[in-house]
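Each remark here refers to the structure printed beneath this line.
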Amino acid sequence: MLNYEYPPLGGGAGNACYHMLKEYALVPDISIDLITSSANNRLEIEQFSDNIQIYKVRVNKKNLHHWKMSEILVWSVAAFLLMNRLMRKNHYDLCHCWFGWPSGIFGYIFRRRIPYIIALRGSDIPGHNPRLRTLDLLLFTHISKIVWKHARRVTVLSKNSLRMAKHTLDRDYDIIYNGVDTGVFYPVDRNMRELKILFVGRLTERKGVEHIIRAVADLRGKYPEDAIRATIVGSGNREPELRALAQQLHLTDQVSFLGAIEHEKVPDIYREHDIFILPSVNEALGNAAQEAIASGLALLTTDTGAAELLDGNGFLIKKGDYADISEKVSVFLQNPDTLTRCKRRSSEIARDMPWKSCVHSYVQLYESII
């Protein structure tokens with residue numbers, strides 16, 4: 001298994017990998033060697049369980065939550081050399097590549113020695129991330145067509161990701177949704193003296209967080225100042241600009257920026273809020289939306305992957321339209337019973353999405369190949 005992200009490094013893919021390994025540890029007839037990255041800038045070997053070993057290679061990481069291309073290149077060289085060494089020493093039936101690149105490229109290189117599958121995560125789908133627009137056009141689209149074509153199976157996180165992937169290569173894809181740990185993410189009754197909005201994710205252009213801030217400014221002119229609060233969790237290249245926007249709109253008392261925080265602290269933050277807003281331009285189906293609904297938050301999301309979680313627990317919002325966010329939040333402010341129903345429905349939906357189901361789908365996929 002190849003994945004350059006693993007807690008505390010990276011975002012959703014690392015978090016998903018950790019939770020899936022916990023389930024794989026309970027499957028007695030599977031043995032896994034994971035090659036990932038070290039947060040301590042040295043080679044580390046961790047015995048995760050009796051059947052899972054983790055190799056963490058040195059990547060000289062500067063920021064735990066954000067990757068530079070140079071860091072991914074360093075990981076690629078180290079992972080390639082280690083993979084080659086492990087394959088000379090051990091027999092493997094399958095290579096599970098998290099991300100189409102760089103992991104998928106190694107699956108392709110070693111395809112004559114071992115079959116490989118690719119688990120697409122979002123930004124590795126050409127056209128998904130505006131920040132990679134030029135690289136997608138010049139490089140990644142061409143690489144993806146070759147690497148995906150020769151993979152035994154390719155998985156995506158949502159129907160939205162499936163549609164985007166087919167623009168690059170028209171082949172069969174398997175949709176395998178992320179899971180959520182409802183033992184960690186669960187709702188509590190909250191005394192709602194004020195409506196509290198939450199965003200959790202990387203602060204990049206694609207996420208559209210500025211529209212949440214502008215929506216709060218719009219709502220301030222229609223409701224008492226203490227009626228609504230917004231919390232932004234995460235960091236990224238847009239953070240200084242977003243903080244400046246909140247200050248410019250005189251929202252420093254209503255919009256809080258918590259930065260990147262340790263994942264074990266996130267469940268309590270979810271439970272302190274009422275609405276999770278995801279105004280992304282493109283989104284596969286990130287862990288945050290599932291964690292939010294498991295924690296009993298109503299959901300407002302654009303027509304991206306997270307929209308597949310909407311079923312009587314929130315509303316669809318228009319991309320790039322803060323006025324529409326403001327309008328949907330107003331529905332909850334004016335109708336507290338609607339908010340209560342949506343929050344209750346969210347936690348009901350999440351109960352049908354355990355990590356065990358995700359891993360079971362992958363195990364079936366492995367068996368179909370082997």
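Going through the structure tokens in order, the chains are called A, B, and so on, while each chain numbers its residues from 1 and the ligands are numbered from 1 in the order shown.
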
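Residues within 8 Å of Ile176 (chain A), counting only C-alpha atoms and excluding same-chain residues fewer than 4 positions away, are Thr155, Val156, Leu157, Ser158, Cys358, Ser361 and Tyr362 of chain A.
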
I'd like to know which residues of region 78-157 of chain A are helix (DSSP H, G or I) (by DSSP, run on the backbone); could you write them as a compact mmCIF listing (two decimals) with N, CA and C atoms, in the first residue's frame?
# COMPACT_ATOMS: atom_id res chain seq x y z
N ALA A 78 12.21 8.18 -2.33
CA ALA A 78 12.41 7.27 -1.20
C ALA A 78 11.44 6.09 -1.24
N ALA A 79 10.17 6.36 -1.59
CA ALA A 79 9.18 5.29 -1.64
C ALA A 79 9.48 4.30 -2.76
N PHE A 80 9.91 4.82 -3.90
CA PHE A 80 10.26 3.95 -5.04
C PHE A 80 11.39 2.99 -4.66
N LEU A 81 12.43 3.51 -4.04
CA LEU A 81 13.56 2.67 -3.66
C LEU A 81 13.16 1.63 -2.62
N LEU A 82 12.35 2.05 -1.64
CA LEU A 82 11.91 1.12 -0.61
C LEU A 82 10.96 0.07 -1.17
N MET A 83 10.06 0.47 -2.05
CA MET A 83 9.13 -0.48 -2.66
C MET A 83 9.90 -1.54 -3.45
N ASN A 84 10.88 -1.11 -4.21
CA ASN A 84 11.69 -2.05 -4.99
C ASN A 84 12.41 -3.04 -4.07
N ARG A 85 12.92 -2.53 -2.94
CA ARG A 85 13.63 -3.39 -2.00
C ARG A 85 12.69 -4.39 -1.34
N LEU A 86 11.52 -3.93 -0.93
CA LEU A 86 10.55 -4.82 -0.29
C LEU A 86 10.04 -5.89 -1.24
N MET A 87 9.87 -5.53 -2.53
CA MET A 87 9.37 -6.50 -3.50
C MET A 87 10.40 -7.57 -3.82
N ARG A 88 11.67 -7.26 -3.66
CA ARG A 88 12.70 -8.29 -3.85
C ARG A 88 12.72 -9.26 -2.66
N LYS A 89 12.29 -8.77 -1.50
CA LYS A 89 12.37 -9.57 -0.29
C LYS A 89 11.07 -10.35 -0.02
N SER A 103 1.71 7.81 -6.27
CA SER A 103 1.63 6.37 -5.98
C SER A 103 1.25 5.54 -7.19
N GLY A 104 0.23 6.03 -7.93
CA GLY A 104 -0.24 5.27 -9.09
C GLY A 104 0.83 5.07 -10.14
N ILE A 105 1.74 6.03 -10.25
CA ILE A 105 2.84 5.91 -11.22
C ILE A 105 3.72 4.71 -10.88
N PHE A 106 3.95 4.46 -9.58
CA PHE A 106 4.76 3.31 -9.17
C PHE A 106 4.03 2.00 -9.44
N GLY A 107 2.69 2.04 -9.25
CA GLY A 107 1.91 0.86 -9.61
C GLY A 107 2.09 0.52 -11.07
N TYR A 108 2.06 1.55 -11.91
CA TYR A 108 2.25 1.35 -13.35
C TYR A 108 3.65 0.83 -13.66
N ILE A 109 4.67 1.40 -13.04
CA ILE A 109 6.05 0.99 -13.31
C ILE A 109 6.27 -0.49 -12.97
N PRO A 130 -8.26 23.83 -8.94
CA PRO A 130 -7.82 24.97 -9.77
C PRO A 130 -6.34 25.29 -9.62
N ARG A 131 -5.76 25.01 -8.46
CA ARG A 131 -4.34 25.31 -8.23
C ARG A 131 -3.44 24.49 -9.14
N LEU A 132 -3.95 23.33 -9.59
CA LEU A 132 -3.15 22.44 -10.44
C LEU A 132 -3.54 22.54 -11.91
N ARG A 133 -4.27 23.59 -12.26
CA ARG A 133 -4.83 23.69 -13.62
C ARG A 133 -3.75 23.57 -14.69
N THR A 134 -2.65 24.28 -14.55
CA THR A 134 -1.59 24.25 -15.56
C THR A 134 -0.90 22.90 -15.60
N LEU A 135 -0.58 22.35 -14.42
CA LEU A 135 0.07 21.03 -14.36
C LEU A 135 -0.85 19.94 -14.90
N ASP A 136 -2.14 20.06 -14.63
CA ASP A 136 -3.09 19.08 -15.20
C ASP A 136 -3.04 19.11 -16.72
N LEU A 137 -3.04 20.31 -17.27
CA LEU A 137 -3.07 20.47 -18.72
C LEU A 137 -1.78 19.95 -19.36
N LEU A 138 -0.64 20.29 -18.75
CA LEU A 138 0.65 19.96 -19.36
C LEU A 138 1.12 18.55 -19.04
N LEU A 139 0.72 18.01 -17.87
CA LEU A 139 1.34 16.77 -17.41
C LEU A 139 0.36 15.72 -16.89
N PHE A 140 -0.41 16.07 -15.87
CA PHE A 140 -1.13 15.05 -15.13
C PHE A 140 -2.25 14.38 -15.92
N THR A 141 -2.89 15.10 -16.83
CA THR A 141 -3.93 14.46 -17.64
C THR A 141 -3.34 13.34 -18.48
N HIS A 142 -2.19 13.57 -19.07
CA HIS A 142 -1.54 12.56 -19.92
C HIS A 142 -1.07 11.38 -19.08
N ILE A 143 -0.47 11.66 -17.93
CA ILE A 143 -0.02 10.58 -17.04
C ILE A 143 -1.21 9.77 -16.55
N SER A 144 -2.28 10.45 -16.16
CA SER A 144 -3.45 9.77 -15.61
C SER A 144 -4.06 8.80 -16.61
N LYS A 145 -4.16 9.20 -17.86
CA LYS A 145 -4.74 8.32 -18.87
C LYS A 145 -3.98 7.00 -18.96
N ILE A 146 -2.66 7.07 -18.92
CA ILE A 146 -1.83 5.87 -19.02
C ILE A 146 -1.92 5.03 -17.75
N VAL A 147 -1.75 5.70 -16.60
CA VAL A 147 -1.71 4.99 -15.32
C VAL A 147 -3.06 4.36 -14.99
N TRP A 148 -4.16 5.10 -15.20
CA TRP A 148 -5.49 4.55 -14.91
C TRP A 148 -5.84 3.41 -15.85
N LYS A 149 -5.45 3.54 -17.11
CA LYS A 149 -5.81 2.52 -18.10
C LYS A 149 -5.28 1.15 -17.72
N HIS A 150 -4.07 1.08 -17.17
CA HIS A 150 -3.44 -0.20 -16.88
C HIS A 150 -3.73 -0.71 -15.47

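Of the listed residues A:Ser76, A:Asn282, A:Ser161, A:Gln254, the one whose atoms come nearest to Thr36 (chain A) is A:Ser76, with distances taken using only C-alpha atoms.
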
Select from region 242-270 of chain A every residue with an atom at most 12 Å from any atom of region 2-16 of chain A, then for each give the shortest pair of atoms and their distance in Å to one decimal, using only C-alpha atoms, rows by chain and rising number, as a tab-separated table.
residue	atom	partner	partner_atom	distance
A:Ala260	CA	A:Gly11	CA	10.2
A:Ile261	CA	A:Pro8	CA	10.3
A:Glu262	CA	A:Pro8	CA	8.0
A:His263	CA	A:Pro8	CA	8.2
A:Glu264	CA	A:Pro8	CA	10.5

Would you save the residues from that selection as an mmCIF file, in the first residue's frame, using N, CA and C atoms?
data_model
loop_
_atom_site.group_PDB
_atom_site.id
_atom_site.type_symbol
_atom_site.label_atom_id
_atom_site.label_comp_id
_atom_site.auth_asym_id
_atom_site.auth_seq_id
_atom_site.Cartn_x
_atom_site.Cartn_y
_atom_site.Cartn_z
ATOM 1 N N ALA A 260 -4.999 25.154 11.846
ATOM 2 C CA ALA A 260 -4.952 23.696 11.794
ATOM 3 C C ALA A 260 -4.826 23.166 13.209
ATOM 4 N N ILE A 261 -5.711 22.254 13.591
ATOM 5 C CA ILE A 261 -5.674 21.717 14.945
ATOM 6 C C ILE A 261 -5.544 20.202 14.905
ATOM 7 N N GLU A 262 -5.139 19.621 16.013
ATOM 8 C CA GLU A 262 -4.968 18.174 16.097
ATOM 9 C C GLU A 262 -6.313 17.488 15.883
ATOM 10 N N HIS A 263 -6.276 16.376 15.119
ATOM 11 C CA HIS A 263 -7.531 15.741 14.711
ATOM 12 C C HIS A 263 -8.339 15.232 15.895
ATOM 13 N N GLU A 264 -7.662 14.830 16.970
ATOM 14 C CA GLU A 264 -8.409 14.310 18.121
ATOM 15 C C GLU A 264 -9.214 15.398 18.821
#

- Message: To one decimal place in Å, what is the distance between CA of Gly234 (chain A) and CA of Asp189 (chain A)?
- Response: 25.3 Å

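Residue nearest Thr231 (chain A) within the list A:Asp253, A:Glu44, A:Glu367, A:Asp218: A:Asp253 [criterion: smallest interatomic distance, only C-alpha atoms].
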
- Query: Which is closest to Val266 (chain A) among A:Leu245, A:Met353, A:Val200, A:Val329, if we use only C-alpha atoms?
  - Reply: A:Val200

- Task: Would you list the contacts of region 182-185 of chain A as a ChimeraX atom specification, taking every protein, DNA or RNA residue within 10 Å and counting only C-alpha atoms, but skipping same-chain residues closer than 6 positions in sequence?
- Result: /A:264,266-268,270-271,290-296,347,350-355

Go ahead and save the picked residues with N, CA and C atoms, as an mmCIF file, in the first residue's frame.
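Output contents, as saved in result.cif:
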data_model
loop_
_atom_site.group_PDB
_atom_site.id
_atom_site.type_symbol
_atom_site.label_atom_id
_atom_site.label_comp_id
_atom_site.auth_asym_id
_atom_site.auth_seq_id
_atom_site.Cartn_x
_atom_site.Cartn_y
_atom_site.Cartn_z
ATOM 1 N N GLU A 264 -7.662 14.830 16.970
ATOM 2 C CA GLU A 264 -8.409 14.310 18.121
ATOM 3 C C GLU A 264 -9.214 15.398 18.821
ATOM 4 N N VAL A 266 -10.946 17.676 17.047
ATOM 5 C CA VAL A 266 -12.004 18.097 16.123
ATOM 6 C C VAL A 266 -13.392 17.632 16.553
ATOM 7 N N PRO A 267 -13.586 16.397 17.070
ATOM 8 C CA PRO A 267 -14.949 15.974 17.426
ATOM 9 C C PRO A 267 -15.670 16.929 18.371
ATOM 10 N N ASP A 268 -14.964 17.430 19.381
ATOM 11 C CA ASP A 268 -15.604 18.365 20.310
ATOM 12 C C ASP A 268 -16.001 19.663 19.619
ATOM 13 N N TYR A 270 -16.904 19.980 16.411
ATOM 14 C CA TYR A 270 -18.141 19.705 15.669
ATOM 15 C C TYR A 270 -19.359 19.832 16.586
ATOM 16 N N ARG A 271 -19.268 19.221 17.770
ATOM 17 C CA ARG A 271 -20.426 19.169 18.664
ATOM 18 C C ARG A 271 -20.819 20.525 19.226
ATOM 19 N N GLN A 290 -18.672 14.094 6.296
ATOM 20 C CA GLN A 290 -19.230 12.916 6.963
ATOM 21 C C GLN A 290 -19.084 13.005 8.479
ATOM 22 N N GLU A 291 -17.943 13.513 8.931
ATOM 23 C CA GLU A 291 -17.751 13.689 10.367
ATOM 24 C C GLU A 291 -18.757 14.693 10.922
ATOM 25 N N ALA A 292 -19.038 15.732 10.138
ATOM 26 C CA ALA A 292 -19.968 16.766 10.583
ATOM 27 C C ALA A 292 -21.384 16.224 10.743
ATOM 28 N N ILE A 293 -21.856 15.476 9.765
ATOM 29 C CA ILE A 293 -23.226 14.968 9.891
ATOM 30 C C ILE A 293 -23.316 13.892 10.974
ATOM 31 N N ALA A 294 -22.241 13.110 11.160
ATOM 32 C CA ALA A 294 -22.239 12.129 12.251
ATOM 33 C C ALA A 294 -22.323 12.836 13.597
ATOM 34 N N SER A 295 -21.790 14.066 13.657
ATOM 35 C CA SER A 295 -21.830 14.865 14.885
ATOM 36 C C SER A 295 -23.143 15.618 15.031
ATOM 37 N N GLY A 296 -24.068 15.391 14.099
ATOM 38 C CA GLY A 296 -25.397 15.971 14.203
ATOM 39 C C GLY A 296 -25.525 17.391 13.714
ATOM 40 N N SER A 347 -27.435 12.709 11.765
ATOM 41 C CA SER A 347 -26.851 11.617 12.547
ATOM 42 C C SER A 347 -27.436 10.270 12.140
ATOM 43 N N ALA A 350 -25.537 9.138 8.968
ATOM 44 C CA ALA A 350 -24.152 8.730 9.239
ATOM 45 C C ALA A 350 -24.057 7.320 9.801
ATOM 46 N N ARG A 351 -25.100 6.863 10.460
ATOM 47 C CA ARG A 351 -25.044 5.513 11.050
ATOM 48 C C ARG A 351 -24.903 4.425 9.990
ATOM 49 N N ASP A 352 -25.216 4.744 8.741
ATOM 50 C CA ASP A 352 -25.109 3.766 7.652
ATOM 51 C C ASP A 352 -23.773 3.863 6.920
ATOM 52 N N MET A 353 -22.773 4.549 7.502
ATOM 53 C CA MET A 353 -21.496 4.754 6.810
ATOM 54 C C MET A 353 -20.294 4.371 7.684
ATOM 55 N N PRO A 354 -20.248 3.162 8.218
ATOM 56 C CA PRO A 354 -19.085 2.785 9.038
ATOM 57 C C PRO A 354 -17.863 2.491 8.167
ATOM 58 N N TRP A 355 -16.670 2.658 8.739
ATOM 59 C CA TRP A 355 -15.439 2.316 8.027
ATOM 60 C C TRP A 355 -15.398 0.834 7.677
#

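Taking only C-alpha atoms into account, Lys356 (chain A) lies nearest to A:Gly179 out of the set A:Gly179, A:Pro115, A:Gly100, A:Pro28.
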
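Every protein, DNA or RNA residue with an atom at most 12 Å from Leu249 (chain A), where only C-alpha atoms count and chain neighbours fewer than 2 positions away do not, is listed here: Glu210, Ile213, Arg214, Ala215, Val216, Ala217, Asp218, Arg220, Gly221, Leu242, Arg243, Ala244, Leu245, Ala246, Gln247, Leu251, Thr252, Asp253, Gln254 and Val255 of chain A.
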
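Take the candidates A:Ile52, A:Ala284, A:Ala289, A:Ile212 and check each one against Ala323 (chain A) using only C-alpha atoms; the shortest distance goes to A:Ile212.
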
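Minimum atom-to-atom distances from A:His96, A:Arg121, A:His273, A:Arg111 to Leu195 (chain A) were compared using only C-alpha atoms, and the lowest value belongs to A:His273.
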
- How would you write, as an MDAnalysis selection string, the set of residues in region 125-363 of chain A that DSSP gives as strand (DSSP E)? chainID A and resid 153:156 174:175 195:200 228:233 255:259 275:278 298:301 314:316

- Query: So which residues touch His211 (chain A) within 7 Å, counting only C-alpha atoms, skipping near sequence neighbours fewer than 4 positions away, as a PyMOL selection string?
  - Reply: chain A and resi 215+320-322

Please produce a file of those selected residues containing N, CA and C atoms, as a PDB file, in the first residue's frame.
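Once written, again_7.pdb looks like this:
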ATOM      1  N   ALA A 215     -21.360  35.826   3.681  1.00  0.00           N
ATOM      2  CA  ALA A 215     -22.723  35.493   4.094  1.00  0.00           C
ATOM      3  C   ALA A 215     -22.980  35.945   5.530  1.00  0.00           C
ATOM      4  N   GLY A 320     -20.169  29.831  -5.400  1.00  0.00           N
ATOM      5  CA  GLY A 320     -19.756  31.224  -5.535  1.00  0.00           C
ATOM      6  C   GLY A 320     -20.828  32.239  -5.230  1.00  0.00           C
ATOM      7  N   ASP A 321     -21.834  31.889  -4.405  1.00  0.00           N
ATOM      8  CA  ASP A 321     -22.972  32.777  -4.171  1.00  0.00           C
ATOM      9  C   ASP A 321     -23.199  32.925  -2.666  1.00  0.00           C
ATOM     10  N   TYR A 322     -22.615  33.954  -2.070  1.00  0.00           N
ATOM     11  CA  TYR A 322     -22.772  34.129  -0.625  1.00  0.00           C
ATOM     12  C   TYR A 322     -24.218  34.455  -0.256  1.00  0.00           C
TER      13      TYR A 322
END
